[in-house]
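Contents: one structure, followed by commentary.
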Amino acid sequence: MTALLAYTIFGLVTGGAYAVVAGGLVLTYSTSKVFNVGHGAIGMVMAFLYWELAENRGLPQWLALLLVVGVGAPLFGLVVERFVMRRLAGAPVGITLVAGVGLLVGLIGVAQVLWPPQARPVRPFLDQLGVHIGQSFVSGHDLVTLACAVLVAGGLYVLLNRTRTGLAMRACVDAPELAALYGTRPARLSALSWAIGSALAALGGILLTPVVQLDYVTMTLLVITAYTAALVGRLRSLPWTFAGALGLGLVQSYAVAYLPSSPFWISFRAAIPALLLFVVLLAMPQSPLRIGGVRGSRGVAVPNALTTGVGAGLFAGVVVVLALLVDSVVAGQLALALVFGIVLLSMVLLTGYGGVVSLGQFTFVGVGAVTVARLGSPSPVTLLIGAGVAAAVGALIALTALRVSGLYLALATLGFAQLMDKLVLQSPIAFGVRGSLQVPKLVESATAQLLLCAAVFVLVGVGVLAVRRGRLGRRMIAVKDSSAACATLGLNVRWIRVWVFSLSAAIAGLAGGLFAQLRETVAASDFQLFNNLPLLLFAVIAGVTSVSGALLGGVLLMLLPVLQSGFPAFAGVAVVLLGVAAAGLAREPNGLVGWGFRAWSWRRA
Amino acid sequence: MSTLRVEGVTVRFGEVTAVGDVSLTVEPGVTGLIGPNGAGKTTLFDVISGLRRPTAGRVLLDGEDITTRGPHQRSRLGVARTFQRLEVFGSLTVWENVVVALESRRRPAKLARELLERVGIAEFAGNQADTVPTGAARLLELARALATDPSLLLLDEPSSGLDRAETDAFGELLRQLSAEGRSVVLVEHDMDLVMGYCDHVHVLNLGRLLVSGTPDVVRAHEGVREAYLG
């Protein structure tokens, strides 16, 4: 009984902190229609800033808290809103998600440069205080957390329901143009909501630091729980969001208390937030078929068979020349770039053509790699088996998440990736107890590896273009533009989506197999959930609608760690570049290569 | 040639009743479905084509109850429709739009050119569909629906965006389609088109069926004038 009470209090306290974070997320989403994937990263950076002020510079805790939550975080929110998010108003889900991912990746980079890895203890608030309830002790910090949750809930309620600004905010959700006619300024309200949202992310992050360690990735991904809470409120209702957050805190706390502590159940606990995210999404009502209005996207021109052949020939020629010129280290790096390029080809199919944003594509790479590593035979057939297993997993995701679409589908892929990560890839089932596996190489020399990867890239690239020109490609795009019209023409929209998911997963799995045999040793740490985020970011920034974009993105992904180790200050430059590129997406959704294609068509015109 | 029977169909959105207990029969030929804005015409089309489940009531095609069938299954039974607010595939070319529909029914892609010529928009074949004028996009929706070789064709305001000469040509096309043995249902605000080419007219007002009959009967009906003017 005492234990139950203690765990209940602990659950409510963590739930209260989640509620603070999730409240900020709902507020920004409902006024600006941008689901900020980087919300947790803002909380993370602001928690580091708090540590800097309160622990490193020795400011009083209350002053540090006030400076971070009251000044630093709101200013940061204003800057992000003004220079990135405002340009993206009305952009498709893929673009706004990518902007959030860019923010997230950039903030982690900045935090790593400003605060290099070391242990950073943070003192809890009011640690001399505390009350006993029965035999359990509630610390001063816990009381502060609960008080903050109550204050935030009350404050947001009053803001939205009792003030003119709040009324205008709620009006802007439904019709920003109409609200503007009545004298409100949507841009100003959006800025305000980002300022408040960032402040809440910061407050939540700081409150959680004594519970979780101050760490770049853990704190950033902690918000998956906040996403789940926000989804309980359908991204709109604050009361439901708060109830969801408290419920999630309790479930997690009880899971720690009452689930067995065998290795499986320990990894299961870590997967609970993702599992709940997935469950909440599946319980969402079916998204109604959207009827009304022509939708179309201007992709880059699809090359015909002749142009494809010429392009493939040119590419092969360049690779052969490079293979003759470069040393084995560079050949290995180029081979890796091509493997990443193949992963991005899987996203060209799924995201570029099919319009489905996946935040879990790297999971399929992991599945392919594990399969090839487990088979352990130096035969090309293993690559195909790896692709087959990945395709089956892809079909499984598509079948379970059939009901949802758009943003919700993207979040479902994130939840699924997190589940696979915690339950399969990071557990002994996949990489054994040592967490790594040896893989026999298919071909020995680095030059031969480069040629092998190039051959696969050409085959897959030509295949993706053939799909685009053929029946499945037309159908995928038709489903993206109007699933209602597709249904009335006799097409089974669900099966088309299952096909696209499996095919895309198969390509990613094939790349995973190549990756495994190229690296010779693959480990659980190679396929962590976090790796999905740079993947989507580079895919879209380089150009997710074309094969050339996939090639460029692969090269950039390969160069990223090389540049980072060569120039430590690079992270700062990268953040600025990412911001510019993300804002540029609003004008050229076909990414960096899109600008190239534009220049080419002007020249010819 | 299909006979459609709608029995006691009701659609409620929360407190609002968009369609209230409507029963009507569509016989082979050209049938008009008219009524002021908000009468429930498009909602009724959504129910017949399977995009919306009715709150109550049944839809029967040639005597078979299809109320629980999905839209793609109804399409295979011969139901096709166009959309008042256009639903062309904007990223595909006009030609590809029709090919998608042909392939869905395993018909050869070479028929696409014929269909585009038939509705009179062959000149746009290579254009991306979100760039063509509204009138042409409506005709593209018709060509795409015809590509499924339907026996029951639901047209939602197909002639808006067409000029007088084009509207007359469109009326002739309706006659031909009917002569080929297709049942055509037309939601339309152009009264000349409705009165000139329909064999039978149903009038909806505020979600209820007001009157059914030949164009002459409907024209003479008191309530119709009140519904439109009053």
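Identifiers for the structure tokens are assigned positionally: chains receive A, B, ... in sequence, residues are indexed from 1 per chain, and ligands are indexed from 1 in the order shown.
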
Original post:
Leaving out A:Val26 and any residue of its chain fewer than 5 positions from it, which residues lie within 7 Å of it when counting only C-alpha atoms, given as a ChimeraX atom specification?
Top reply: /A:230,235-236

Given the selection you just returned, output its residues as a file containing N, CA and C atoms, formatted as an mmCIF file, in the first residue's frame.
```cif
data_model
loop_
_atom_site.group_PDB
_atom_site.id
_atom_site.type_symbol
_atom_site.label_atom_id
_atom_site.label_comp_id
_atom_site.auth_asym_id
_atom_site.auth_seq_id
_atom_site.Cartn_x
_atom_site.Cartn_y
_atom_site.Cartn_z
ATOM 1 N N ALA A 230 0.034 14.806 -26.084
ATOM 2 C CA ALA A 230 -0.609 15.781 -26.969
ATOM 3 C C ALA A 230 -1.589 15.090 -27.911
ATOM 4 N N LEU A 235 -4.063 16.936 -30.315
ATOM 5 C CA LEU A 235 -3.267 18.120 -30.630
ATOM 6 C C LEU A 235 -4.056 19.420 -30.482
ATOM 7 N N ARG A 236 -5.223 19.369 -29.847
ATOM 8 C CA ARG A 236 -6.043 20.566 -29.718
ATOM 9 C C ARG A 236 -6.499 20.805 -28.285
#
```

**OP:** Using only C-alpha atoms, determine which residues lie at most 9 Å from stretch 189-199 of chain B, disregarding the query and same-chain residues fewer than 5 positions distant; provide the list as a PyMOL selection string.
**Re:** chain B and resi 29-36+157+159-160+167-168+171-172+174-175+213-216+219

Restricting it to C-alpha atoms, dump the selection as a PDB file, in the first residue's frame.
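Written output follows (result-v7.pdb):
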```pdb
ATOM      1  CA  GLY B  29     -31.626   7.608 -69.086  1.00  0.00           C
ATOM      2  CA  VAL B  30     -30.569  11.068 -67.917  1.00  0.00           C
ATOM      3  CA  THR B  31     -31.825  12.050 -64.460  1.00  0.00           C
ATOM      4  CA  GLY B  32     -31.491  15.547 -63.030  1.00  0.00           C
ATOM      5  CA  LEU B  33     -30.939  16.150 -59.318  1.00  0.00           C
ATOM      6  CA  ILE B  34     -31.515  19.811 -58.569  1.00  0.00           C
ATOM      7  CA  GLY B  35     -32.089  22.072 -55.603  1.00  0.00           C
ATOM      8  CA  PRO B  36     -30.760  25.261 -54.025  1.00  0.00           C
ATOM      9  CA  GLU B 157     -22.031  20.257 -61.641  1.00  0.00           C
ATOM     10  CA  SER B 159     -20.994  22.227 -66.892  1.00  0.00           C
ATOM     11  CA  SER B 160     -19.870  25.079 -64.645  1.00  0.00           C
ATOM     12  CA  THR B 167     -22.504  23.365 -72.807  1.00  0.00           C
ATOM     13  CA  ASP B 168     -24.556  22.410 -75.870  1.00  0.00           C
ATOM     14  CA  GLY B 171     -25.663  18.076 -73.610  1.00  0.00           C
ATOM     15  CA  GLU B 172     -25.239  16.070 -76.807  1.00  0.00           C
ATOM     16  CA  LEU B 174     -25.064  13.265 -72.283  1.00  0.00           C
ATOM     17  CA  ARG B 175     -27.575  11.972 -74.873  1.00  0.00           C
ATOM     18  CA  GLY B 213     -41.188  13.940 -62.257  1.00  0.00           C
ATOM     19  CA  THR B 214     -40.603  14.943 -65.852  1.00  0.00           C
ATOM     20  CA  PRO B 215     -39.068  18.381 -66.495  1.00  0.00           C
ATOM     21  CA  ASP B 216     -42.532  19.741 -67.337  1.00  0.00           C
ATOM     22  CA  ARG B 219     -41.294  23.267 -63.899  1.00  0.00           C
TER      23      ARG B 219
END
```

Original post:
Could you write out, as a ChimeraX atom specification, all the residues of stretch 438-539 of chain A that DSSP marks as strand (DSSP E or B)?
Top reply: /A:438,521-523

Based on the selection just made, write N, CA and C atoms of those residues as a PDB file, in the first residue's frame.
```pdb
ATOM      1  N   GLN A 438      29.950 -10.004 -36.459  1.00  0.00           N
ATOM      2  CA  GLN A 438      30.899  -9.975 -37.577  1.00  0.00           C
ATOM      3  C   GLN A 438      30.150 -10.346 -38.854  1.00  0.00           C
ATOM      4  N   THR A 521      31.783  -5.197 -39.214  1.00  0.00           N
ATOM      5  CA  THR A 521      31.220  -5.365 -37.870  1.00  0.00           C
ATOM      6  C   THR A 521      30.025  -4.429 -37.764  1.00  0.00           C
ATOM      7  N   VAL A 522      28.882  -4.946 -37.370  1.00  0.00           N
ATOM      8  CA  VAL A 522      27.762  -4.045 -37.123  1.00  0.00           C
ATOM      9  C   VAL A 522      27.318  -4.213 -35.680  1.00  0.00           C
ATOM     10  N   ALA A 523      26.898  -3.103 -35.087  1.00  0.00           N
ATOM     11  CA  ALA A 523      26.534  -3.129 -33.674  1.00  0.00           C
ATOM     12  C   ALA A 523      25.184  -2.467 -33.486  1.00  0.00           C
TER      13      ALA A 523
END
```

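Of the listed residues B:Gly38, B:Arg107, B:Thr93, B:Ser2, the one whose atoms come nearest to B:Phe124 is B:Thr93, with distances taken using only C-alpha atoms.
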
Original post:
Residues of chain B within 10 Å of chain A, using only C-alpha atoms, as number ranges by chain?
Top reply: B: 46, 49-52, 70-93, 96-97, 99-105, 128-131, 137, 141, 144-148, 150

Write out as a PDB file with N, CA and C atoms, in the first residue's frame the residues lying within 8 Å of A:Val68, counting only C-alpha atoms and excluding same-chain residues fewer than 6 positions away.
```pdb
ATOM      1  N   MET A  46      17.712  24.402 -23.260  1.00  0.00           N
ATOM      2  CA  MET A  46      17.420  25.343 -22.188  1.00  0.00           C
ATOM      3  C   MET A  46      17.787  24.747 -20.824  1.00  0.00           C
ATOM      4  N   LEU A  49      21.363  25.367 -20.556  1.00  0.00           N
ATOM      5  CA  LEU A  49      21.578  26.784 -20.248  1.00  0.00           C
ATOM      6  C   LEU A  49      21.341  27.042 -18.757  1.00  0.00           C
ATOM      7  N   TYR A  50      20.301  26.390 -18.229  1.00  0.00           N
ATOM      8  CA  TYR A  50      20.013  26.527 -16.804  1.00  0.00           C
ATOM      9  C   TYR A  50      21.185  26.004 -15.974  1.00  0.00           C
ATOM     10  N   ALA A 199       9.027  28.512 -23.804  1.00  0.00           N
ATOM     11  CA  ALA A 199       9.201  28.686 -22.361  1.00  0.00           C
ATOM     12  C   ALA A 199       8.733  27.438 -21.629  1.00  0.00           C
ATOM     13  N   ALA A 202      11.189  24.667 -22.003  1.00  0.00           N
ATOM     14  CA  ALA A 202      12.329  24.899 -21.115  1.00  0.00           C
ATOM     15  C   ALA A 202      11.982  24.523 -19.679  1.00  0.00           C
TER      16      ALA A 202
END
```

Subject >> Interatomic distance, atom CA of A:Gly72 to atom CA of A:Gly249 (Å, one decimal) >> reply: 27.8 Å

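Considering the residues A:Leu103, A:Ala301, A:Arg170, A:Ser139 and counting only C-alpha atoms, A:Asp127 has its shortest atom-to-atom contact with A:Ser139.
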
Original post:
Contacts of A:Gly543 at 6 Å or less, counting only C-alpha atoms, minus same-chain residues fewer than 6 places along, as an NGL selection string?
Top reply: :A and (549 or 590-593)

Contacts of B:Ala56 at 12 Å (only C-alpha atoms; same-chain gap of 3+ positions) as an mmCIF file with N, CA and C atoms, in the first residue's frame:
```
data_model
loop_
_atom_site.group_PDB
_atom_site.id
_atom_site.type_symbol
_atom_site.label_atom_id
_atom_site.label_comp_id
_atom_site.auth_asym_id
_atom_site.auth_seq_id
_atom_site.Cartn_x
_atom_site.Cartn_y
_atom_site.Cartn_z
ATOM 1 N N VAL B 6 -32.535 4.527 -53.813
ATOM 2 C CA VAL B 6 -32.115 5.083 -52.527
ATOM 3 C C VAL B 6 -33.313 4.999 -51.602
ATOM 4 N N GLU B 7 -33.155 4.361 -50.434
ATOM 5 C CA GLU B 7 -34.299 4.152 -49.546
ATOM 6 C C GLU B 7 -34.089 4.764 -48.179
ATOM 7 N N GLY B 8 -34.839 5.784 -47.880
ATOM 8 C CA GLY B 8 -34.841 6.369 -46.530
ATOM 9 C C GLY B 8 -33.474 6.845 -46.059
ATOM 10 N N VAL B 9 -32.654 7.397 -46.986
ATOM 11 C CA VAL B 9 -31.296 7.789 -46.596
ATOM 12 C C VAL B 9 -31.308 9.088 -45.786
ATOM 13 N N THR B 10 -30.638 9.031 -44.636
ATOM 14 C CA THR B 10 -30.487 10.189 -43.757
ATOM 15 C C THR B 10 -29.006 10.354 -43.451
ATOM 16 N N VAL B 11 -28.514 11.598 -43.536
ATOM 17 C CA VAL B 11 -27.134 11.881 -43.121
ATOM 18 C C VAL B 11 -27.174 13.045 -42.147
ATOM 19 N N ARG B 12 -26.656 12.813 -40.953
ATOM 20 C CA ARG B 12 -26.588 13.888 -39.962
ATOM 21 C C ARG B 12 -25.141 14.210 -39.657
ATOM 22 N N THR B 17 -29.037 18.063 -40.052
ATOM 23 C CA THR B 17 -29.447 16.994 -40.947
ATOM 24 C C THR B 17 -29.232 17.453 -42.386
ATOM 25 N N VAL B 19 -29.155 15.371 -45.138
ATOM 26 C CA VAL B 19 -30.098 14.650 -45.977
ATOM 27 C C VAL B 19 -31.083 13.969 -45.026
ATOM 28 N N GLY B 20 -32.382 14.174 -45.223
ATOM 29 C CA GLY B 20 -33.363 13.632 -44.303
ATOM 30 C C GLY B 20 -34.342 12.697 -44.986
ATOM 31 N N ASP B 21 -34.194 11.393 -44.739
ATOM 32 C CA ASP B 21 -35.168 10.399 -45.174
ATOM 33 C C ASP B 21 -35.519 10.540 -46.652
ATOM 34 N N VAL B 22 -34.499 10.523 -47.500
ATOM 35 C CA VAL B 22 -34.740 10.664 -48.944
ATOM 36 C C VAL B 22 -34.862 9.281 -49.581
ATOM 37 N N SER B 23 -35.939 9.072 -50.333
ATOM 38 C CA SER B 23 -36.094 7.850 -51.124
ATOM 39 C C SER B 23 -36.320 8.259 -52.563
ATOM 40 N N VAL B 47 -22.952 9.528 -50.561
ATOM 41 C CA VAL B 47 -23.548 8.306 -50.028
ATOM 42 C C VAL B 47 -23.660 7.241 -51.127
ATOM 43 N N ARG B 52 -19.333 8.202 -48.109
ATOM 44 C CA ARG B 52 -19.895 8.533 -46.809
ATOM 45 C C ARG B 52 -20.968 7.515 -46.445
ATOM 46 N N ARG B 53 -20.879 6.978 -45.223
ATOM 47 C CA ARG B 53 -21.914 6.059 -44.750
ATOM 48 C C ARG B 53 -23.124 6.877 -44.312
ATOM 49 N N VAL B 59 -28.850 1.840 -49.851
ATOM 50 C CA VAL B 59 -28.612 2.127 -51.263
ATOM 51 C C VAL B 59 -28.630 0.790 -51.995
ATOM 52 N N THR B 67 -25.107 -0.811 -49.414
ATOM 53 C CA THR B 67 -24.873 0.230 -48.400
ATOM 54 C C THR B 67 -23.554 0.047 -47.666
ATOM 55 N N THR B 68 -23.137 -1.212 -47.430
ATOM 56 C CA THR B 68 -21.927 -1.424 -46.637
ATOM 57 C C THR B 68 -20.684 -1.604 -47.511
#
```

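The residue set within 12 Å of B:Asn37, counting only C-alpha atoms and dropping same-chain residues fewer than 2 places from it, reads Ala18, Ile34, Gly35, Ala39, Gly40, Lys41, Thr42, Thr43, Glu157, Val187, Glu188, His189, Val203, Leu204, Asn205, Leu206, Gly207, Ala227, Tyr228 and Leu229 of chain B.
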
Output for the residues just chosen: C-alpha atoms as a CSV table (one decimal), in the first residue's frame:
```csv
chain,number,residue,atom,x,y,z
B,18,ALA,CA,-27.9,17.3,-44.4
B,34,ILE,CA,-31.5,19.8,-58.6
B,35,GLY,CA,-32.1,22.1,-55.6
B,39,ALA,CA,-30.0,21.0,-50.4
B,40,GLY,CA,-27.9,17.9,-49.9
B,41,LYS,CA,-27.2,17.0,-53.5
B,42,THR,CA,-23.4,16.4,-53.1
B,43,THR,CA,-23.9,14.6,-49.8
B,157,GLU,CA,-22.0,20.3,-61.6
B,187,VAL,CA,-26.4,17.7,-60.3
B,188,GLU,CA,-26.6,21.0,-62.1
B,189,HIS,CA,-27.5,24.6,-61.7
B,203,VAL,CA,-35.8,18.2,-56.6
B,204,LEU,CA,-34.1,18.4,-53.1
B,205,ASN,CA,-34.7,21.2,-50.7
B,206,LEU,CA,-33.1,21.4,-47.2
B,207,GLY,CA,-32.2,17.8,-47.3
B,227,ALA,CA,-37.5,26.8,-52.8
B,228,TYR,CA,-35.4,28.7,-55.3
B,229,LEU,CA,-36.8,32.1,-54.8
```

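Among the candidates A:Leu259, A:Val131, A:Val300, A:Ile196, the residue lying nearest to A:Trp600 is A:Val300 (atoms considered: only C-alpha atoms).
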
Original post:
Residues at most 8 Å from A:Trp240, counting only C-alpha atoms, excluding those fewer than 6 positions away in the same chain, as a PyMOL selection string?
Top reply: chain A and resi 229-230+232-233
